[in-house]
Every structure is written in structure tokens, then in C-alpha cells.
Amino acid sequence: MRLFDTLTRTERELRPIDGSTFRFYCCGPTVYGPAHIGNFRTFVLQDVLRRTLETGGIHTLHVRNITDVDDKTIRDSQKADRSLAAFTAGWTTKFHADCEELGLLPPHIEPSAVEHIPQQITMIQTLVGNGNAYASDDGSVYFKISSFPDYGRLSHLDERELHLGKTQNARSNSDEYEKDSLSDFVLWKGRKPEDGENFWPSPWGDGRPGWHLECSAMIQEYLGDSFDLHSGGVDLVFPHHENEIAQSQCACGGRFAANWFHTAHLLVDGGKMSKSLGNLYTLADLAARGHTAMEVRYVLIGAHYRKPLNFTLDSLSGAREALAKLAKGARHLASKIEPDTRLTRADFGPFQAAWDSLNHDLNIPGALGGMFTGLREAAQLTGTDAAAALAGFNRLLRALGLTLPEEMVHASSEIPDAIQSLAESRWQARLAKNWAESDTLRAQLAEQGWLVKDGKDTYTLEPAGN
RNA sequence: GGCGGAGUAGCCAAGUGGUAAGGCAAUGGUUUGCAAAACCGUCAUUCGAGGGUUCGAUUCCCUCCUCCGCCUCCA
């Protein structure tokens, strides 16, 4: 497949550099609270990238870290009066549960920062030894930007140098006199009283690793000095990824990531998502509004990854209908296939255009459109052709990580008994042509948030839309 | 201020130098005790505004307007 690369700003063919396995790294969550749907946009898109590669026959090695030590995890664990380990373990578990609900494939390796302190220290020692880093009086170690001429290539820093110079002057009067120059970033943070028990011994004294270094050390451990792709949200381009490049290339040599995959942000109602605006949603928030994780996933993949996605609650309701429509189309297609039909082809049939879209810079919205139009074409097919089309459709679904509702009654197991019996009474009244009674009971169900849909011989119950 | 990105129907959203995918909503019809559901249709002469290049631009260039992100932690 072809994918846009942030560093070269060109579209490139993705092929494993080792010839067999496509090895990639994704910056994972900092576990100090529940992840929100903006975080999940990134993880879901990375998941579709992986699934698309795998559907195309490419083996992958997916590494995604857990950041379990930084300012926020320490601060909030203290607030919660729990150990850092217990605190972050709780949120890690929650994160995994959310991921599973969203249909995310677990990474093959999921290293945590705390579990890789020795590797981080070793990397810092190498950097100090190479003259790329220096210790300060307070036991911290900084990376010396001026020792790495390529610094800034990813984020086009050279075009911002003038500004940076100004800032340096402005800030060199501030407290941060520890650093040779302002843009030097911290690799190891010397122990401070507010860190509490959260410190580790090092050649420079007690302290903890800097945030940027975690990823570099874990990448070195599991992927080596050169690998296929590195991914994260656009906000990580600078300084996080820029710093990773500097650390890793100086410490390990190698080319680091061959491709950079950055995902645009999620907006809510056209603006930034934030707690203060009350528009920051977690999976649990949306579940409380009656939306399934699969509906959330459908919305999250609904815009091209390099464009901001405008999230609205209405789009979630739309997703429910769209998923139902896909399910219906698939069922219709399946009904055209004789039980003993043999699959004789392995192409995508009417879904070829959808598959092509996916492989052209991960155009998921284009692929989704192709699935609907493909379904329309496929409706005419029978026998082997229908079987081949359905197989293509299902491969596409798997690439997108979508699972379709078997029946429209996706909440059937969660219908309270009281509601169920109310609905049953209504159905009996209706069969007896007691319309007044039937309508009254239907209104009662509606009041309690349930929608009745009458079929020919039976009825279904659904939570009413929001 | 610097860098990067975006403005396509009521909403979400693809796409292309050759005349606008798809989904939701809406709406007409069939069906239904009435609704809903289901099924069959309809739904942008137009792509933020104004110029320019071109036989032809929504797609390329210029200017302007609006919005978003990064420049400090952030998916």
C-alpha cells in the first residue's frame, strides 16, 4: 500500500525493510485517566493501517508503549493516594478494556516505561559518552541539540529558527539556567521532593527518565536502530518525535523510522475538545448515551486520517444506521449463495474500488463509500460471483475492523424484564386488534426510552435514539 | 509572530484539470389499524470570497476571509 510520509512529505510504498515483517511503533497512552475518543481516533487509525497491511498479506510487528511514569501520572497517583504502580495499572486495565471494545488488535509487544529504566539509562550513558548529552548540577541530564545537525528536519525547525532564537533570549533570564540552550531537552530528571517515592538510581543520582527518552529506548530494545514506521498524533511531531530522532540516531546510528504516520486531531462540534467545554468524551460517556463502541469506531474512521474529524453526537446515530445498512446488504448477499457454493476466486469483485481506496494513503472514507456502492452492484450477483463478492466484502470489513450487528436488536440481552413484558402485552393487544390499548402501551414504552418496531410475525425493541 | 493543516449540500464526508462517491437527515411512493421498520424513488449546474492561467478549474497560481493544530504537556 502507499502512504504519505511526514518526513519526506511524499507518498511512498510500504514494504518491510527487512523483507519479511513490517515493524512499526506507535506512541501509546499516558495512563493517568480514561482515554478519550480523540486518543482513540489515533489508535483506531493505526489499527486500520495494521489490518490493511495484514489483509494485503504483509506480516506485522506492532509495538505500542504504555507511559506509566511522568509528571501527570505521579501527580495524580499522589492525589489518589495510591502507589504509582497501582494507579497506572488500574488505568492500563481500563485502557485495554476500551481497546477491546473498539475492536483494536492488541499490539504484539506493549512495553512500559517503568519496566525499561535500565535500557533508558544505558542510552543516556551512550549519549553522554558521545558528547550528545550533558549532566547539570541538579542531577538531570540534557540532550545537546547543537550536537545533532539534523535536528528539526521532521518539523521543519530550520524554518522556525529565527523565532526559536528569540525565545531563547527571552527565556534565558528565567529559572531554566540549567541548560546550555533553551531547546535542549531533558533525558533524565533529577529527583525532586514532589516526586515522592518515585525515583530510580542512576549514574547521575536518583531521578526518573524524561518522557521523550522512553520511546527511543523501547524502540531500540524491540525494533533496533532501523524499522518501518513510527506513528502518533500530529501534536507529537514536535517536540516528541523530533527528539526521538535526535536521541536514537545519536545513540544507535541507523536511520530510525523509514516512514512517519501522523494522524490529525478530532474536533468536537468544530472546536477543540476540552474538559472545561464539557465536550470531552470517553467511551463510557458515549455508552451512557446508548452508543456502542462499534458505532464510535465507525465515526472515528469516517474521515481521512490527515484531515481533522469533526465529531458530533448526531454522527453516532448515523453510524448505527450505516452499520445496519451494511449488515443488511451482507445478509442479502449471503442469501444468494447456495450452501455448496465453492469459492473459486480471491479478488474483491465489486469491492475492488473500496480496497484500492484503502491502499491509497489509507483512504477509509473512500473505502466505506465503495462498500455501499459495491453492495448495490453485488445485489445482482448469484452463485459463485455472489460468494466471491461476499468474501471480498468480509475481507474489507476485517481490514476496517468493523463487526456488524447480527440482528437489529443489538441490545436484546439488556432489555429489562419490565420493558419486555410491557412490550409483550402490547403485542397481544395488537393481535387482538385492541388498537387503543396497543397505542397506550407503545406510548408507555416510548416514555421509558424504548422503540417498538413491528414486523410481520414478531416485533423488536430498541433503545430510542438520542 | 513562525510552521503546518482545513473550508464540498441541513449534518458527517470522498474525489478529480473535463464537468461533484458514500452515509445520515429530509422528502415522495408502496406497505401498515395508525406510526415506526422495511422496500422503491428524489435530494449540490455546484465545491469559503475575489482575481489569474487554461479550450475547460471545485481541482493549478495569486490575494483575501474564516477555522483548527503545533511552537510548553497533549493522540
# chains A, B, ... in the order shown; residues from 1 in each chain; ligands from 1
>>> interface_residues(of="chain B", to="chain A", cutoff="8 Å", atoms="only C-alpha atoms (C1' of nucleotides)", output="list of chain:residue names")
B:G2, B:C3, B:G5, B:A6, B:C11, B:C12, B:A13, B:A14, B:A21, B:G22, B:G23, B:C24, B:G33, B:A36, B:A37, B:C68, B:G69, B:C70, B:C74, B:A75
>>> select_by_dssp(residues="range 45-236 of chain A", states="strand (DSSP E)", output="list in words")
His59, Thr60, Leu61, His62, Val63, Arg64, Ala133, Tyr134, Ala135, Val141, Tyr142, Phe143, Val186, Leu187, Trp188, Lys189, Gly190, Gly207, Arg208, Pro209, Ser226, Phe227, Asp228, Leu229, His230, Ser231, Gly232 and Gly233 of chain A
>>> write_last_selection(atoms="N, CA and C atoms", output="compact mmCIF listing (two decimals), in the first residue's frame")
# COMPACT_ATOMS: atom_id res chain seq x y z
N HIS A 59 3.13 -9.42 6.90
CA HIS A 59 3.25 -9.70 8.33
C HIS A 59 3.64 -8.42 9.05
N THR A 60 3.14 -8.25 10.27
CA THR A 60 3.48 -7.02 11.00
C THR A 60 4.00 -7.35 12.39
N LEU A 61 4.78 -6.42 12.90
CA LEU A 61 5.17 -6.45 14.31
C LEU A 61 4.81 -5.08 14.86
N HIS A 62 3.84 -5.08 15.74
CA HIS A 62 3.25 -3.84 16.23
C HIS A 62 3.68 -3.61 17.67
N VAL A 63 4.38 -2.53 17.92
CA VAL A 63 4.82 -2.20 19.27
C VAL A 63 4.15 -0.89 19.70
N ARG A 64 3.50 -0.92 20.83
CA ARG A 64 2.91 0.31 21.35
C ARG A 64 3.16 0.38 22.85
N ALA A 133 25.08 14.65 25.13
CA ALA A 133 24.29 14.99 26.31
C ALA A 133 25.22 15.41 27.43
N TYR A 134 24.67 16.16 28.37
CA TYR A 134 25.48 16.64 29.48
C TYR A 134 24.64 16.66 30.76
N ALA A 135 25.33 16.44 31.87
CA ALA A 135 24.64 16.46 33.16
C ALA A 135 24.66 17.87 33.71
N VAL A 141 20.01 15.25 33.23
CA VAL A 141 20.84 15.14 32.03
C VAL A 141 20.05 15.70 30.85
N TYR A 142 20.72 16.53 30.06
CA TYR A 142 20.05 17.16 28.92
C TYR A 142 20.68 16.74 27.60
N PHE A 143 19.86 16.70 26.58
CA PHE A 143 20.36 16.43 25.23
C PHE A 143 20.81 17.76 24.63
N VAL A 186 15.27 17.46 28.30
CA VAL A 186 15.73 16.64 29.40
C VAL A 186 15.64 15.15 29.08
N LEU A 187 16.72 14.41 29.40
CA LEU A 187 16.75 12.96 29.21
C LEU A 187 16.50 12.25 30.54
N TRP A 188 17.05 12.85 31.58
CA TRP A 188 16.93 12.28 32.93
C TRP A 188 16.62 13.42 33.88
N LYS A 189 15.58 13.25 34.68
CA LYS A 189 15.20 14.31 35.60
C LYS A 189 15.70 14.00 37.00
N GLY A 190 16.51 14.86 37.53
CA GLY A 190 17.00 14.67 38.88
C GLY A 190 15.84 14.64 39.87
N GLY A 207 16.58 9.76 40.31
CA GLY A 207 15.76 10.57 39.40
C GLY A 207 14.83 9.69 38.61
N ARG A 208 14.34 10.23 37.51
CA ARG A 208 13.44 9.45 36.65
C ARG A 208 13.67 9.86 35.20
N PRO A 209 13.27 8.98 34.27
CA PRO A 209 13.56 9.26 32.87
C PRO A 209 12.69 10.38 32.31
N SER A 226 16.76 0.62 13.10
CA SER A 226 16.01 0.97 11.89
C SER A 226 14.75 0.12 11.81
N PHE A 227 13.63 0.75 11.55
CA PHE A 227 12.37 0.00 11.45
C PHE A 227 11.46 0.70 10.44
N ASP A 228 10.28 0.14 10.23
CA ASP A 228 9.48 0.57 9.10
C ASP A 228 8.66 1.84 9.29
N LEU A 229 8.04 1.97 10.44
CA LEU A 229 7.13 3.11 10.56
C LEU A 229 6.94 3.51 12.02
N HIS A 230 6.79 4.79 12.21
CA HIS A 230 6.54 5.33 13.55
C HIS A 230 5.29 6.18 13.45
N SER A 231 4.43 6.07 14.47
CA SER A 231 3.14 6.74 14.38
C SER A 231 2.74 7.45 15.67
N GLY A 232 1.91 8.43 15.50
CA GLY A 232 1.36 9.15 16.64
C GLY A 232 0.48 10.29 16.15
N GLY A 233 -0.10 11.02 17.07
CA GLY A 233 -0.91 12.17 16.69
C GLY A 233 -0.03 13.31 16.18
>>> atom_distance(atom1="CA of Met123 in chain A", atom2="CA of Ala251 in chain A")
6.4 Å
>>> select_by_dssp(residues="range 182-387 of chain A", states="helix (DSSP H, G or I)", output="VMD selection string")
chain A and resid 193 to 195 211 to 223 234 to 252 275 to 277 283 to 288 293 to 300 313 to 335 349 to 359 364 to 378 383 to 387
>>> write_last_selection(atoms="C-alpha atoms", output="CSV table (one decimal), in the first residue's frame")
chain,number,residue,atom,x,y,z
A,193,PRO,CA,10.8,16.3,46.7
A,194,GLU,CA,7.5,16.3,44.9
A,195,ASP,CA,8.4,13.1,43.2
A,211,TRP,CA,9.4,11.5,28.6
A,212,HIS,CA,11.0,11.6,25.1
A,213,LEU,CA,13.6,9.0,26.0
A,214,GLU,CA,11.2,6.3,26.9
A,215,CYS,CA,10.1,5.7,23.4
A,216,SER,CA,13.6,5.8,22.0
A,217,ALA,CA,14.8,3.2,24.5
A,218,MET,CA,11.9,0.8,24.0
A,219,ILE,CA,12.2,1.1,20.2
A,220,GLN,CA,15.9,0.2,20.4
A,221,GLU,CA,15.0,-2.7,22.6
A,222,TYR,CA,12.3,-4.2,20.4
A,223,LEU,CA,12.9,-2.8,16.9
A,234,VAL,CA,0.2,15.3,14.9
A,235,ASP,CA,0.8,17.1,18.1
A,236,LEU,CA,3.7,14.7,18.7
A,237,VAL,CA,5.7,15.8,15.6
A,238,PHE,CA,7.3,18.5,17.7
A,239,PRO,CA,9.0,18.1,20.0
A,240,HIS,CA,8.4,14.5,20.9
A,241,HIS,CA,9.2,12.8,17.6
A,242,GLU,CA,11.9,15.3,16.7
A,243,ASN,CA,13.6,14.5,20.0
A,244,GLU,CA,13.3,10.8,19.5
A,245,ILE,CA,15.1,11.0,16.1
A,246,ALA,CA,17.9,13.0,17.7
A,247,GLN,CA,18.3,10.6,20.7
A,248,SER,CA,18.1,7.4,18.7
A,249,GLN,CA,20.2,8.4,15.8
A,250,CYS,CA,22.9,9.8,18.1
A,251,ALA,CA,22.8,6.8,20.4
A,252,CYS,CA,22.2,4.0,17.9
A,275,LYS,CA,-12.9,19.3,29.8
A,276,SER,CA,-13.8,22.8,30.5
A,277,LEU,CA,-16.1,22.9,27.5
A,283,LEU,CA,-16.1,5.5,25.6
A,284,ALA,CA,-18.0,5.3,28.9
A,285,ASP,CA,-19.7,8.7,28.3
A,286,LEU,CA,-20.9,7.6,24.9
A,287,ALA,CA,-22.0,4.2,26.2
A,288,ALA,CA,-24.1,6.0,28.8
A,293,ALA,CA,-18.2,1.0,20.7
A,294,MET,CA,-18.6,-0.1,17.1
A,295,GLU,CA,-20.6,3.0,16.3
A,296,VAL,CA,-17.8,5.0,17.8
A,297,ARG,CA,-15.3,3.2,15.8
A,298,TYR,CA,-17.3,3.8,12.6
A,299,VAL,CA,-17.4,7.5,13.3
A,300,LEU,CA,-13.7,7.6,14.2
A,313,LEU,CA,-23.3,13.1,18.7
A,314,ASP,CA,-25.6,13.0,15.6
A,315,SER,CA,-22.9,11.3,13.6
A,316,LEU,CA,-23.0,8.4,16.1
A,317,SER,CA,-26.7,7.9,15.4
A,318,GLY,CA,-25.9,8.0,11.7
A,319,ALA,CA,-23.2,5.3,12.3
A,320,ARG,CA,-25.8,3.0,13.8
A,321,GLU,CA,-27.9,3.2,10.6
A,322,ALA,CA,-25.0,2.9,8.3
A,323,LEU,CA,-23.7,-0.2,10.1
A,324,ALA,CA,-27.2,-1.7,9.9
A,325,LYS,CA,-27.3,-1.0,6.2
A,326,LEU,CA,-24.0,-2.8,5.7
A,327,ALA,CA,-25.3,-5.7,7.7
A,328,LYS,CA,-28.4,-5.8,5.7
A,329,GLY,CA,-26.5,-5.8,2.4
A,330,ALA,CA,-24.3,-8.6,3.6
A,331,ARG,CA,-27.2,-10.7,4.6
A,332,HIS,CA,-28.9,-10.2,1.3
A,333,LEU,CA,-25.7,-11.2,-0.5
A,334,ALA,CA,-25.3,-14.3,1.7
A,335,SER,CA,-28.9,-15.3,0.9
A,349,GLY,CA,-15.1,-8.3,-7.1
A,350,PRO,CA,-17.4,-5.3,-6.8
A,351,PHE,CA,-15.4,-4.1,-3.8
A,352,GLN,CA,-12.2,-3.7,-5.7
A,353,ALA,CA,-12.5,0.1,-5.7
A,354,ALA,CA,-13.0,0.1,-2.0
A,355,TRP,CA,-9.9,-2.0,-1.5
A,356,ASP,CA,-7.9,0.3,-3.8
A,357,SER,CA,-9.0,3.3,-1.8
A,358,LEU,CA,-7.8,1.7,1.4
A,359,ASN,CA,-4.4,1.1,-0.2
A,364,ILE,CA,-11.0,4.9,4.7
A,365,PRO,CA,-13.9,7.2,3.8
A,366,GLY,CA,-13.4,6.3,0.2
A,367,ALA,CA,-13.4,2.7,1.0
A,368,LEU,CA,-16.6,2.9,3.1
A,369,GLY,CA,-18.3,4.6,0.1
A,370,GLY,CA,-17.0,1.8,-2.1
A,371,MET,CA,-18.6,-0.7,0.2
A,372,PHE,CA,-22.0,0.8,-0.2
A,373,THR,CA,-21.8,1.1,-3.9
A,374,GLY,CA,-20.2,-2.3,-4.2
A,375,LEU,CA,-23.1,-3.8,-2.2
A,376,ARG,CA,-25.5,-2.2,-4.7
A,377,GLU,CA,-23.7,-3.9,-7.6
A,378,ALA,CA,-23.4,-7.1,-5.8
A,383,GLY,CA,-23.8,-18.2,-7.0
A,384,THR,CA,-20.0,-18.1,-7.2
A,385,ASP,CA,-20.0,-14.5,-8.1
A,386,ALA,CA,-22.0,-13.6,-5.0
A,387,ALA,CA,-19.8,-15.8,-2.9
>>> residues_around(residues="U16 in chain B", least_positions_apart="6", cutoff="12 Å", atoms="only C-alpha atoms (C1' of nucleotides)", output="short mmCIF file (atom, residue, chain, number, x, y, z; two decimals) with N, CA, C and O atoms (P, O5', C5', C4', C3', O3' and C1' of nucleotides), in the first residue's frame")
data_model
loop_
_atom_site.label_atom_id
_atom_site.label_comp_id
_atom_site.auth_asym_id
_atom_site.auth_seq_id
_atom_site.Cartn_x
_atom_site.Cartn_y
_atom_site.Cartn_z
P C B 47 -19.07 26.79 -6.53
"O5'" C B 47 -18.22 26.03 -5.43
"C5'" C B 47 -18.67 25.94 -4.07
"C4'" C B 47 -18.01 24.71 -3.47
"C3'" C B 47 -16.49 24.82 -3.39
"O3'" C B 47 -16.22 24.99 -1.99
"C1'" C B 47 -17.24 22.71 -4.28
P A B 57 -12.90 27.09 -16.41
"O5'" A B 57 -12.39 25.81 -15.59
"C5'" A B 57 -13.30 24.85 -15.03
"C4'" A B 57 -12.92 24.60 -13.61
"C3'" A B 57 -12.82 25.90 -12.80
"O3'" A B 57 -14.10 26.33 -12.34
"C1'" A B 57 -10.83 24.60 -12.54
P U B 58 -14.89 25.95 -11.12
"O5'" U B 58 -14.04 25.50 -9.85
"C5'" U B 58 -14.39 25.93 -8.55
"C4'" U B 58 -13.94 24.93 -7.53
"C3'" U B 58 -12.53 24.39 -7.75
"O3'" U B 58 -11.57 25.20 -7.12
"C1'" U B 58 -14.05 22.59 -7.38
P U B 59 -10.13 25.48 -7.80
"O5'" U B 59 -9.42 24.07 -7.87
"C5'" U B 59 -8.93 23.42 -6.68
"C4'" U B 59 -8.58 22.00 -7.03
"C3'" U B 59 -7.34 21.85 -7.90
"O3'" U B 59 -6.32 21.26 -7.10
"C1'" U B 59 -9.17 20.53 -8.70
#
>>> atom_distance(atom1="CA of Thr282 in chain A", atom2="CA of Glu100 in chain A")
14.3 Å
>>> closest_residue(among="B:G10, B:U66, B:C71, B:A20", to="G48 in chain B", atoms="only C-alpha atoms (C1' of nucleotides)")
B:U66
